[in-house]
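Pasting target_27.csv here (CSV, C-alpha atoms):
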```csv
chain,number,residue,atom,x,y,z
K,1,MET,CA,-25.5,14.6,45.1
K,2,ARG,CA,-25.8,11.8,42.6
K,3,LYS,CA,-24.3,13.9,39.8
K,4,LYS,CA,-21.4,14.9,42.1
K,5,LYS,CA,-20.6,11.3,42.8
K,6,THR,CA,-20.6,10.4,39.1
K,7,LYS,CA,-18.2,13.2,38.4
K,8,GLN,CA,-15.9,12.2,41.2
K,9,THR,CA,-16.0,8.6,40.0
K,10,ALA,CA,-15.1,9.6,36.4
K,11,THR,CA,-12.2,11.7,37.7
K,12,PHE,CA,-10.9,8.9,39.8
K,13,GLN,CA,-11.0,6.4,36.9
K,14,THR,CA,-9.2,8.8,34.5
K,15,THR,CA,-6.5,9.6,37.1
K,16,TYR,CA,-6.1,5.9,38.0
K,17,ILE,CA,-5.6,4.9,34.3
K,18,VAL,CA,-3.1,7.7,33.7
K,19,VAL,CA,-1.1,6.6,36.8
K,20,VAL,CA,-1.2,3.0,35.7
K,21,LEU,CA,0.1,3.9,32.3
K,22,ARG,CA,2.9,6.0,33.7
K,23,ARG,CA,3.9,3.2,36.0
K,24,ILE,CA,4.3,0.6,33.2
K,25,SER,CA,7.9,-0.6,33.2
K,26,ASN,CA,10.0,0.8,30.4
K,27,PRO,CA,12.0,-1.8,28.5
K,28,PHE,CA,14.5,0.8,27.5
K,29,GLU,CA,15.2,1.7,31.1
K,30,MET,CA,14.9,5.4,30.5
K,31,GLY,CA,14.1,8.1,33.0
K,32,SER,CA,11.1,10.4,32.5
K,33,SER,CA,13.4,13.4,32.1
K,34,VAL,CA,14.1,12.5,28.5
K,35,MET,CA,10.6,13.6,27.6
K,36,GLU,CA,11.6,17.1,28.4
K,37,ASP,CA,14.4,17.2,25.8
K,38,LYS,CA,13.9,19.0,22.6
K,39,GLU,CA,15.0,17.7,19.2
K,40,GLU,CA,14.7,19.0,15.6
K,41,ALA,CA,12.4,17.2,13.2
K,42,CYS,CA,13.2,16.8,9.5
K,43,THR,CA,10.5,17.9,7.1
K,44,GLU,CA,10.6,16.9,3.5
K,45,HIS,CA,8.3,17.7,0.6
K,46,LEU,CA,8.4,15.3,-2.4
K,47,TYR,CA,6.2,13.9,-5.2
K,48,CYS,CA,4.6,10.5,-4.7
K,49,CYS,CA,2.2,9.2,-7.3
K,50,GLY,CA,2.4,12.6,-8.9
K,51,ALA,CA,1.1,14.5,-5.9
K,52,VAL,CA,2.9,16.7,-3.4
K,53,THR,CA,3.5,14.8,-0.1
K,54,GLU,CA,4.9,16.0,3.2
K,55,VAL,CA,7.1,13.7,5.3
K,56,LEU,CA,7.9,14.5,8.9
K,57,LYS,CA,10.9,12.5,10.3
K,58,PHE,CA,12.4,12.1,13.8
K,59,GLY,CA,15.7,10.2,13.8
K,60,THR,CA,17.3,8.7,10.6
K,61,CYS,CA,16.1,10.7,7.6
K,62,ASN,CA,17.6,8.4,4.9
K,63,LEU,CA,17.1,4.6,5.2
K,64,HIS,CA,19.0,3.9,1.9
K,65,SER,CA,22.4,5.0,3.1
K,66,GLY,CA,24.9,3.9,5.8
K,67,ASN,CA,23.7,1.4,8.4
K,68,PRO,CA,20.0,2.3,8.8
K,69,PRO,CA,18.0,1.0,11.8
K,70,LYS,CA,16.2,-2.3,11.3
K,71,VAL,CA,12.8,-1.0,12.4
K,72,LEU,CA,10.8,2.0,11.2
K,73,PHE,CA,7.8,3.4,13.0
K,74,LEU,CA,5.5,4.9,10.3
K,75,ILE,CA,2.5,7.1,11.2
K,76,ILE,CA,-0.5,6.9,8.8
K,77,PRO,CA,-2.6,9.9,9.7
K,78,GLY,CA,-6.3,10.4,9.8
K,79,ASN,CA,-8.2,12.9,7.7
K,80,PRO,CA,-7.1,15.6,7.1
K,81,GLY,CA,-3.7,13.9,6.7
K,82,VAL,CA,-1.5,16.8,7.9
K,83,VAL,CA,1.6,15.4,9.6
K,84,GLY,CA,2.1,18.5,11.7
K,85,PHE,CA,-0.7,17.4,14.0
K,86,TYR,CA,1.4,14.4,15.1
K,87,LYS,CA,4.6,16.2,15.8
K,88,THR,CA,4.4,16.2,19.6
K,89,PHE,CA,3.2,12.6,19.6
K,90,MET,CA,6.1,11.5,17.3
K,91,GLN,CA,8.7,13.4,19.3
K,92,THR,CA,7.4,11.8,22.5
K,93,LEU,CA,7.4,8.3,20.9
K,94,HIS,CA,10.9,8.8,19.5
K,95,GLN,CA,12.3,9.8,22.8
K,96,THR,CA,10.5,7.0,24.6
K,97,LEU,CA,12.2,4.6,22.2
K,98,GLY,CA,15.6,6.0,23.2
K,99,ARG,CA,16.0,7.7,19.8
K,100,ARG,CA,17.2,4.3,18.5
K,101,TYR,CA,14.4,3.9,15.9
K,102,PRO,CA,13.2,6.5,13.3
K,103,VAL,CA,9.7,7.7,13.6
K,104,TRP,CA,8.2,9.0,10.3
K,105,ALA,CA,4.8,10.3,9.3
K,106,VAL,CA,3.7,10.6,5.7
K,107,SER,CA,0.9,12.9,4.8
K,108,HIS,CA,-1.9,12.0,2.5
K,109,ALA,CA,-1.5,13.0,-1.1
K,110,GLY,CA,-2.4,16.7,-1.6
K,111,HIS,CA,-3.0,17.3,2.2
K,112,CYS,CA,-0.2,19.8,2.5
K,113,VAL,CA,0.6,23.2,1.1
K,114,PRO,CA,3.5,22.8,-1.4
K,115,PRO,CA,6.6,25.0,-1.0
K,116,ASP,CA,7.1,27.8,-3.5
K,117,THR,CA,9.3,25.7,-5.7
K,118,MET,CA,6.6,22.9,-6.1
K,119,ASP,CA,3.1,22.6,-7.4
K,120,MET,CA,0.3,20.5,-5.9
K,121,ILE,CA,0.5,18.2,-9.0
K,122,GLU,CA,3.8,17.2,-10.6
K,123,ASP,CA,2.4,16.0,-14.0
K,124,PRO,CA,-1.3,16.6,-14.8
K,125,SER,CA,-1.2,13.9,-17.5
K,126,VAL,CA,0.0,11.3,-15.0
K,127,MET,CA,-2.6,12.4,-12.5
K,128,ALA,CA,-5.4,11.9,-15.0
K,129,ALA,CA,-4.7,8.2,-15.0
K,130,GLY,CA,-5.4,7.6,-11.3
K,131,ASP,CA,-7.5,9.1,-8.5
K,132,VAL,CA,-4.6,9.7,-6.1
K,133,PHE,CA,-6.7,12.1,-3.9
K,134,GLY,CA,-9.5,9.5,-3.4
K,135,LEU,CA,-9.5,6.8,-0.7
K,136,ASN,CA,-8.2,4.0,-3.0
K,137,GLY,CA,-5.5,6.4,-4.4
K,138,GLN,CA,-4.3,7.2,-0.9
K,139,ILE,CA,-3.8,3.5,-0.2
K,140,GLU,CA,-1.7,3.1,-3.3
K,141,HIS,CA,0.1,6.4,-2.4
K,142,LYS,CA,1.3,4.9,0.9
K,143,LEU,CA,2.4,1.7,-0.8
K,144,ALA,CA,4.3,3.7,-3.4
K,145,PHE,CA,6.0,5.7,-0.7
K,146,LEU,CA,7.2,2.6,1.0
K,147,THR,CA,8.5,1.2,-2.3
K,148,GLU,CA,10.4,4.4,-3.1
K,149,HIS,CA,11.7,5.5,0.2
K,150,VAL,CA,11.9,2.5,2.6
K,151,PRO,CA,14.1,-0.5,1.9
K,152,ARG,CA,12.1,-3.7,1.3
K,153,ASP,CA,13.8,-5.6,4.2
K,154,SER,CA,12.9,-2.9,6.7
K,155,ARG,CA,10.6,-4.0,9.5
K,156,LEU,CA,7.6,-1.8,9.9
K,157,VAL,CA,5.6,-0.7,12.9
K,158,LEU,CA,2.6,0.9,11.2
K,159,VAL,CA,0.7,3.3,13.5
K,160,GLY,CA,-2.7,4.4,12.1
K,161,HIS,CA,-5.0,7.1,13.4
K,162,SER,CA,-8.7,7.2,12.5
K,163,ILE,CA,-9.1,6.5,8.8
K,164,GLY,CA,-5.4,5.8,8.7
K,165,CYS,CA,-6.2,2.5,10.4
K,166,TYR,CA,-8.4,1.5,7.5
K,167,LEU,CA,-5.5,2.4,5.1
K,168,ILE,CA,-3.2,0.2,7.1
K,169,LEU,CA,-5.5,-2.8,6.8
K,170,GLN,CA,-5.8,-2.3,3.1
K,171,MET,CA,-2.0,-1.9,2.7
K,172,MET,CA,-1.4,-5.2,4.4
K,173,LYS,CA,-4.1,-6.8,2.3
K,174,ARG,CA,-2.8,-5.6,-1.0
K,175,ASP,CA,0.9,-6.2,-0.2
K,176,PRO,CA,1.2,-9.3,2.1
K,177,GLU,CA,5.0,-9.2,1.7
K,178,LEU,CA,5.3,-6.0,3.6
K,179,GLN,CA,7.6,-6.6,6.7
K,180,VAL,CA,4.9,-5.5,9.2
K,181,VAL,CA,5.8,-6.6,12.7
K,182,LYS,CA,3.2,-4.5,14.4
K,183,SER,CA,0.2,-2.5,13.3
K,184,VAL,CA,-1.2,-0.2,16.0
K,185,MET,CA,-4.6,1.5,15.5
K,186,LEU,CA,-5.4,4.6,17.4
K,187,PHE,CA,-9.1,5.4,17.6
K,188,PRO,CA,-9.8,3.4,14.4
K,189,THR,CA,-12.6,4.2,12.0
K,190,ILE,CA,-12.6,1.0,10.0
K,191,GLU,CA,-16.3,0.2,9.5
K,192,ARG,CA,-19.7,1.6,8.8
K,193,MET,CA,-18.8,5.3,9.0
K,194,ALA,CA,-21.8,6.6,7.2
K,195,VAL,CA,-24.3,5.1,9.7
K,196,THR,CA,-22.7,6.6,12.8
K,197,PRO,CA,-24.2,9.7,14.4
K,198,GLN,CA,-21.4,11.9,13.0
K,199,GLY,CA,-21.5,10.0,9.7
K,200,LYS,CA,-25.2,10.8,9.2
K,201,VAL,CA,-24.4,14.5,9.4
K,202,MET,CA,-21.1,14.5,7.4
K,203,THR,CA,-22.2,12.2,4.6
K,204,PRO,CA,-24.5,14.8,2.9
K,205,VAL,CA,-22.1,17.6,3.7
K,206,LEU,CA,-19.1,15.9,2.2
K,207,CYS,CA,-20.8,14.2,-0.7
K,208,ARG,CA,-23.1,17.0,-1.9
K,209,LEU,CA,-22.5,20.3,0.0
K,210,ARG,CA,-18.7,20.4,0.2
K,211,TYR,CA,-18.5,22.8,-2.8
K,212,VAL,CA,-20.3,25.4,-0.8
K,213,ALA,CA,-17.3,25.7,1.5
K,214,TYR,CA,-14.8,26.4,-1.2
K,215,LEU,CA,-15.6,30.1,-1.5
K,216,PRO,CA,-15.3,31.1,2.2
K,217,ILE,CA,-12.1,29.0,2.4
K,218,PHE,CA,-10.7,30.8,-0.6
K,219,LEU,CA,-11.6,34.2,0.9
K,220,LEU,CA,-9.9,33.2,4.2
K,221,SER,CA,-6.9,32.0,2.4
K,222,LEU,CA,-6.2,35.5,1.1
K,223,LEU,CA,-5.5,36.7,4.6
K,224,PRO,CA,-1.9,36.9,5.8
K,225,ASP,CA,-0.6,33.8,7.7
K,226,VAL,CA,-0.1,35.9,10.8
K,227,LEU,CA,-3.8,36.8,10.9
K,228,LYS,CA,-4.9,33.2,10.1
K,229,ALA,CA,-2.8,32.0,13.0
K,230,PHE,CA,-4.4,34.5,15.3
K,231,MET,CA,-7.9,33.4,14.2
K,232,VAL,CA,-7.0,29.7,14.9
K,233,LYS,CA,-5.7,30.6,18.3
K,234,LEU,CA,-8.9,32.7,19.0
K,235,VAL,CA,-11.2,29.9,17.9
K,236,PHE,CA,-9.4,27.2,19.8
K,237,GLY,CA,-8.3,29.3,22.7
K,238,GLY,CA,-10.8,27.7,25.0
K,239,LEU,CA,-9.1,24.3,24.7
K,240,ARG,CA,-6.9,23.9,27.8
K,241,SER,CA,-4.9,21.2,26.0
K,242,LEU,CA,-4.2,23.1,22.8
K,243,ASP,CA,-0.7,22.3,21.6
K,244,PRO,CA,1.0,25.3,20.0
K,245,SER,CA,2.6,23.1,17.4
K,246,THR,CA,-0.9,22.4,15.9
K,247,VAL,CA,-1.5,26.0,15.0
K,248,LEU,CA,0.5,26.0,11.8
K,249,PRO,CA,-0.9,22.7,10.6
K,250,THR,CA,-4.4,24.1,11.1
K,251,VAL,CA,-3.5,27.2,9.2
K,252,SER,CA,-2.3,25.0,6.3
K,253,LEU,CA,-5.9,23.8,6.0
K,254,ILE,CA,-7.1,27.3,5.1
K,255,ASN,CA,-6.2,26.6,1.5
K,256,VAL,CA,-8.7,25.6,-1.2
K,257,ASP,CA,-6.6,22.8,-2.7
K,258,THR,CA,-5.7,21.2,0.6
K,259,ALA,CA,-9.3,21.5,2.0
K,260,ALA,CA,-10.8,20.2,-1.2
K,261,ASN,CA,-8.6,17.2,-1.3
K,262,ALA,CA,-9.4,16.4,2.4
K,263,MET,CA,-13.2,16.8,1.9
K,264,TYR,CA,-13.1,14.7,-1.4
K,265,MET,CA,-11.3,11.9,0.5
K,266,GLY,CA,-13.8,12.2,3.3
K,267,SER,CA,-16.7,11.8,0.9
K,268,GLN,CA,-15.3,8.5,-0.3
K,269,GLU,CA,-14.8,7.3,3.2
K,270,MET,CA,-18.5,7.7,3.9
K,271,LEU,CA,-19.3,5.6,0.8
K,272,GLU,CA,-16.6,3.0,0.9
K,273,VAL,CA,-15.8,2.2,4.5
K,274,LEU,CA,-18.5,-0.4,5.2
K,275,GLU,CA,-18.0,-3.7,6.9
K,276,ARG,CA,-15.0,-4.4,9.1
K,277,ASP,CA,-12.4,-6.5,7.3
K,278,ASN,CA,-12.2,-9.4,9.8
K,279,PHE,CA,-10.3,-11.6,7.4
K,280,THR,CA,-7.4,-9.2,7.1
K,281,ILE,CA,-7.3,-8.5,10.8
K,282,ASN,CA,-7.2,-12.2,11.7
K,283,GLN,CA,-4.8,-13.0,8.9
K,284,ASN,CA,-2.3,-10.5,10.2
K,285,LEU,CA,-2.5,-11.5,13.9
K,286,ASP,CA,0.1,-14.2,13.1
K,287,LYS,CA,2.5,-11.5,11.7
K,288,GLY,CA,2.7,-9.6,14.9
K,289,GLY,CA,-0.8,-8.6,15.7
K,290,VAL,CA,-3.2,-5.8,15.2
K,291,GLU,CA,-3.3,-3.7,18.3
K,292,LEU,CA,-6.4,-1.5,18.7
K,293,LEU,CA,-6.1,1.4,21.1
K,294,ARG,CA,-9.4,3.2,21.2
K,295,THR,CA,-11.6,5.5,23.2
K,296,LEU,CA,-14.6,4.2,25.0
K,297,GLY,CA,-15.9,7.8,25.5
K,298,PRO,CA,-17.5,9.7,22.7
K,299,MET,CA,-19.4,7.7,20.1
K,300,GLN,CA,-19.8,10.3,17.4
K,301,TRP,CA,-18.2,7.9,14.9
K,302,ASN,CA,-19.8,4.9,16.6
K,303,THR,CA,-23.4,3.7,16.9
K,304,TYR,CA,-24.3,2.2,20.2
K,305,LYS,CA,-24.7,-1.2,18.6
K,306,LEU,CA,-21.3,-0.9,17.0
K,307,HIS,CA,-19.9,0.4,20.3
K,308,LEU,CA,-21.0,-2.8,22.1
K,309,CYS,CA,-19.9,-5.0,19.2
K,310,PHE,CA,-16.4,-3.6,19.4
K,311,THR,CA,-16.3,-3.9,23.1
K,312,MET,CA,-18.0,-7.2,23.7
K,313,GLU,CA,-17.3,-9.2,20.5
K,314,PRO,CA,-13.7,-8.8,19.5
K,315,VAL,CA,-12.6,-10.3,16.2
K,316,THR,CA,-10.3,-12.8,18.0
K,317,THR,CA,-8.6,-13.1,21.4
K,318,GLY,CA,-5.9,-10.5,21.5
K,319,ALA,CA,-7.1,-8.3,18.7
K,320,LEU,CA,-8.5,-5.8,21.1
K,321,CYS,CA,-5.7,-6.2,23.6
K,322,SER,CA,-5.1,-2.6,24.6
K,323,ILE,CA,-7.8,-0.2,25.4
K,324,ILE,CA,-7.4,3.4,26.5
K,325,ARG,CA,-10.3,4.6,28.6
K,326,ARG,CA,-10.6,8.3,28.5
K,327,SER,CA,-13.0,11.0,27.4
K,328,ARG,CA,-11.3,11.9,24.1
K,329,GLY,CA,-8.3,11.1,21.9
K,330,SER,CA,-5.7,13.8,21.3
K,331,PHE,CA,-2.1,14.0,20.2
K,332,GLN,CA,-1.6,17.2,22.1
K,333,LYS,CA,1.0,17.9,24.8
K,334,GLU,CA,-0.9,16.8,27.9
K,335,THR,CA,-2.1,13.5,26.5
K,336,SER,CA,0.7,12.4,24.2
K,337,ASP,CA,2.8,10.9,27.0
K,338,CYS,CA,-0.2,8.8,28.2
K,339,VAL,CA,-0.9,7.5,24.6
K,340,VAL,CA,2.8,6.7,23.9
K,341,GLU,CA,3.4,4.8,27.2
K,342,GLU,CA,0.3,2.6,26.6
K,343,PHE,CA,1.4,2.2,23.0
K,344,VAL,CA,5.0,1.2,23.7
K,345,MET,CA,4.1,-1.3,26.3
K,346,PRO,CA,0.7,-2.9,25.8
K,347,SER,CA,0.3,-6.2,27.7
K,348,SER,CA,0.8,-8.4,24.7
K,349,TRP,CA,4.2,-6.9,23.9
K,350,THR,CA,5.8,-7.5,27.3
K,351,GLN,CA,6.3,-11.2,26.8
K,352,GLU,CA,8.2,-11.0,23.5
K,353,ARG,CA,10.1,-8.0,21.9
K,354,LYS,CA,12.4,-9.8,19.5
K,355,TRP,CA,11.0,-7.8,16.6
K,356,LEU,CA,12.4,-4.6,18.2
K,357,VAL,CA,16.0,-5.9,18.3
```

Would you mind writing the file's structure down as structure tokens?
Amino acid sequence: MRKKKTKQTATFQTTYIVVVLRRISNPFEMGSSVMEDKEEACTEHLYCCGAVTEVLKFGTCNLHSGNPPKVLFLIIPGNPGVVGFYKTFMQTLHQTLGRRYPVWAVSHAGHCVPPDTMDMIEDPSVMAAGDVFGLNGQIEHKLAFLTEHVPRDSRLVLVGHSIGCYLILQMMKRDPELQVVKSVMLFPTIERMAVTPQGKVMTPVLCRLRYVAYLPIFLLSLLPDVLKAFMVKLVFGGLRSLDPSTVLPTVSLINVDTAANAMYMGSQEMLEVLERDNFTINQNLDKGGVELLRTLGPMQWNTYKLHLCFTMEPVTTGALCSIIRRSRGSFQKETSDCVVEEFVMPSSWTQERKWLV
């Protein structure tokens, strides 16, 4: 009887929170029917810092011509940094914003399969000078992308997921002149990753045993894409919330180069993501704020002590202003609306939205 009561309580809490999020007033006065509309995304492959990069775009595709919007929403992905995983989330966000502001996502360097006309690396001699596939190189990669493809006076809403949140903090730290009006962190991993339960397992795997995975990945990569897609659907078929748009991005990871780059970056995350950068967080609160949207459910990447620290001892008032209470984070179809509605209208944004004019 006790277990049954707990289950009912959890269900009630989840339902209540989803209802609350969906009842938040929309500043754009849009009906919910817009979420059902379909629109085409623009996908572009380019070289940035000498490595192939995939950019997924909803809305304006070129900010250097015509009369571009004043605000750009830029998604910085987790690891693996495959932008296709965020397509449904981005589409929902773009439609929620009334299609008035472009929503882009930039992949991590080398975390995509290049088209037939491109190689993974543009110039090996240039690549030898910098470690673009490492954690530090990925930070410089994002800054270089902004320099090359986004006008300097564009106002940025940076949306990070997982390790992408760490990248955003480092980007703002290294280039304080970036016109960042908001930085939103979805399920952030920004400190002490190696000491978390998941980190204790993944650190030796990523740092010393990742080479063992290269051979089976290579053998699987020889299969036709149709068969690889079937395998992905078979493995994840039990997930009720599986978004069909995530199948092809998952298939793209069955590639030795892409998988090796993702695991190499992950190994550096375990070694370099240590203490939380409270100074950068506090410093950027005056520039629009650092919004942390995070899950209070699973703690695979959170120790119990760290979990309580994050919950009970925020860096500063307002830093942890928006919390999503649910069992797991996902950018799939049944949860993306919930995430976006909480993201678009957290409590601290309702008082002033001048930055979105």

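Counting from CA of Cys42 in chain K, the distance to CA of Leu56 in chain K is 5.8 Å.
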
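In this comparison, which uses all atoms listed in the file, the residue of K:Asn255, K:Thr147, K:Thr246, K:Thr117 approaching Pro216 in chain K most closely is K:Asn255.
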
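From CA of Gln170 in chain K back to CA of Ile281 in chain K, the distance works out to 10.0 Å.
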
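The spacing separating CA of Ile217 in chain K from CA of Ala259 in chain K amounts to 8.0 Å.
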
Lys228 in chain K environment, 10 Å, only C-alpha atoms, sequence neighbours closer than 3 positions dropped, as a compact mmCIF listing (two decimals) with C-alpha atoms, in the frame of the given file:
```txt
# COMPACT_ATOMS: atom_id res chain seq x y z
CA LEU K 220 -9.90 33.20 4.20
CA SER K 221 -6.90 32.00 2.40
CA LEU K 222 -6.20 35.50 1.10
CA LEU K 223 -5.50 36.70 4.60
CA PRO K 224 -1.90 36.90 5.80
CA ASP K 225 -0.60 33.80 7.70
CA MET K 231 -7.90 33.40 14.20
CA VAL K 232 -7.00 29.70 14.90
CA LYS K 233 -5.70 30.60 18.30
CA LEU K 234 -8.90 32.70 19.00
CA VAL K 247 -1.50 26.00 15.00
CA LEU K 248 0.50 26.00 11.80
CA THR K 250 -4.40 24.10 11.10
CA VAL K 251 -3.50 27.20 9.20
CA SER K 252 -2.30 25.00 6.30
CA ILE K 254 -7.10 27.30 5.10
```

Write out as a list of chain:residue names which residues come within 12 Å of Glu269 in chain K when counting all atoms listed in the file, dropping same-chain ones fewer than 5 positions away. K:Gly78, K:Asn79, K:Pro80, K:Phe133, K:Gly134, K:Leu135, K:Asn136, K:Gln138, K:Ser162, K:Ile163, K:Gly164, K:Tyr166, K:Leu167, K:Thr189, K:Ile190, K:Glu191, K:Arg192, K:Met193, K:Ala194, K:Val195, K:Gly199, K:Met202, K:Thr203, K:Leu206, K:Cys207, K:Ala262, K:Met263, K:Tyr264, K:Leu274

Output file for the selection above: C-alpha atoms, as an mmCIF file, keeping the file's coordinate frame:
```
data_model
loop_
_atom_site.group_PDB
_atom_site.id
_atom_site.type_symbol
_atom_site.label_atom_id
_atom_site.label_comp_id
_atom_site.auth_asym_id
_atom_site.auth_seq_id
_atom_site.Cartn_x
_atom_site.Cartn_y
_atom_site.Cartn_z
ATOM 1 C CA GLY K 78 -6.300 10.400 9.800
ATOM 2 C CA ASN K 79 -8.200 12.900 7.700
ATOM 3 C CA PRO K 80 -7.100 15.600 7.100
ATOM 4 C CA PHE K 133 -6.700 12.100 -3.900
ATOM 5 C CA GLY K 134 -9.500 9.500 -3.400
ATOM 6 C CA LEU K 135 -9.500 6.800 -0.700
ATOM 7 C CA ASN K 136 -8.200 4.000 -3.000
ATOM 8 C CA GLN K 138 -4.300 7.200 -0.900
ATOM 9 C CA SER K 162 -8.700 7.200 12.500
ATOM 10 C CA ILE K 163 -9.100 6.500 8.800
ATOM 11 C CA GLY K 164 -5.400 5.800 8.700
ATOM 12 C CA TYR K 166 -8.400 1.500 7.500
ATOM 13 C CA LEU K 167 -5.500 2.400 5.100
ATOM 14 C CA THR K 189 -12.600 4.200 12.000
ATOM 15 C CA ILE K 190 -12.600 1.000 10.000
ATOM 16 C CA GLU K 191 -16.300 0.200 9.500
ATOM 17 C CA ARG K 192 -19.700 1.600 8.800
ATOM 18 C CA MET K 193 -18.800 5.300 9.000
ATOM 19 C CA ALA K 194 -21.800 6.600 7.200
ATOM 20 C CA VAL K 195 -24.300 5.100 9.700
ATOM 21 C CA GLY K 199 -21.500 10.000 9.700
ATOM 22 C CA MET K 202 -21.100 14.500 7.400
ATOM 23 C CA THR K 203 -22.200 12.200 4.600
ATOM 24 C CA LEU K 206 -19.100 15.900 2.200
ATOM 25 C CA CYS K 207 -20.800 14.200 -0.700
ATOM 26 C CA ALA K 262 -9.400 16.400 2.400
ATOM 27 C CA MET K 263 -13.200 16.800 1.900
ATOM 28 C CA TYR K 264 -13.100 14.700 -1.400
ATOM 29 C CA LEU K 274 -18.500 -0.400 5.200
#
```

From the list K:Thr60, K:His94, K:Phe85, K:Asp123, which residue is nearest Cys48 in chain K when using only C-alpha atoms? K:Asp123
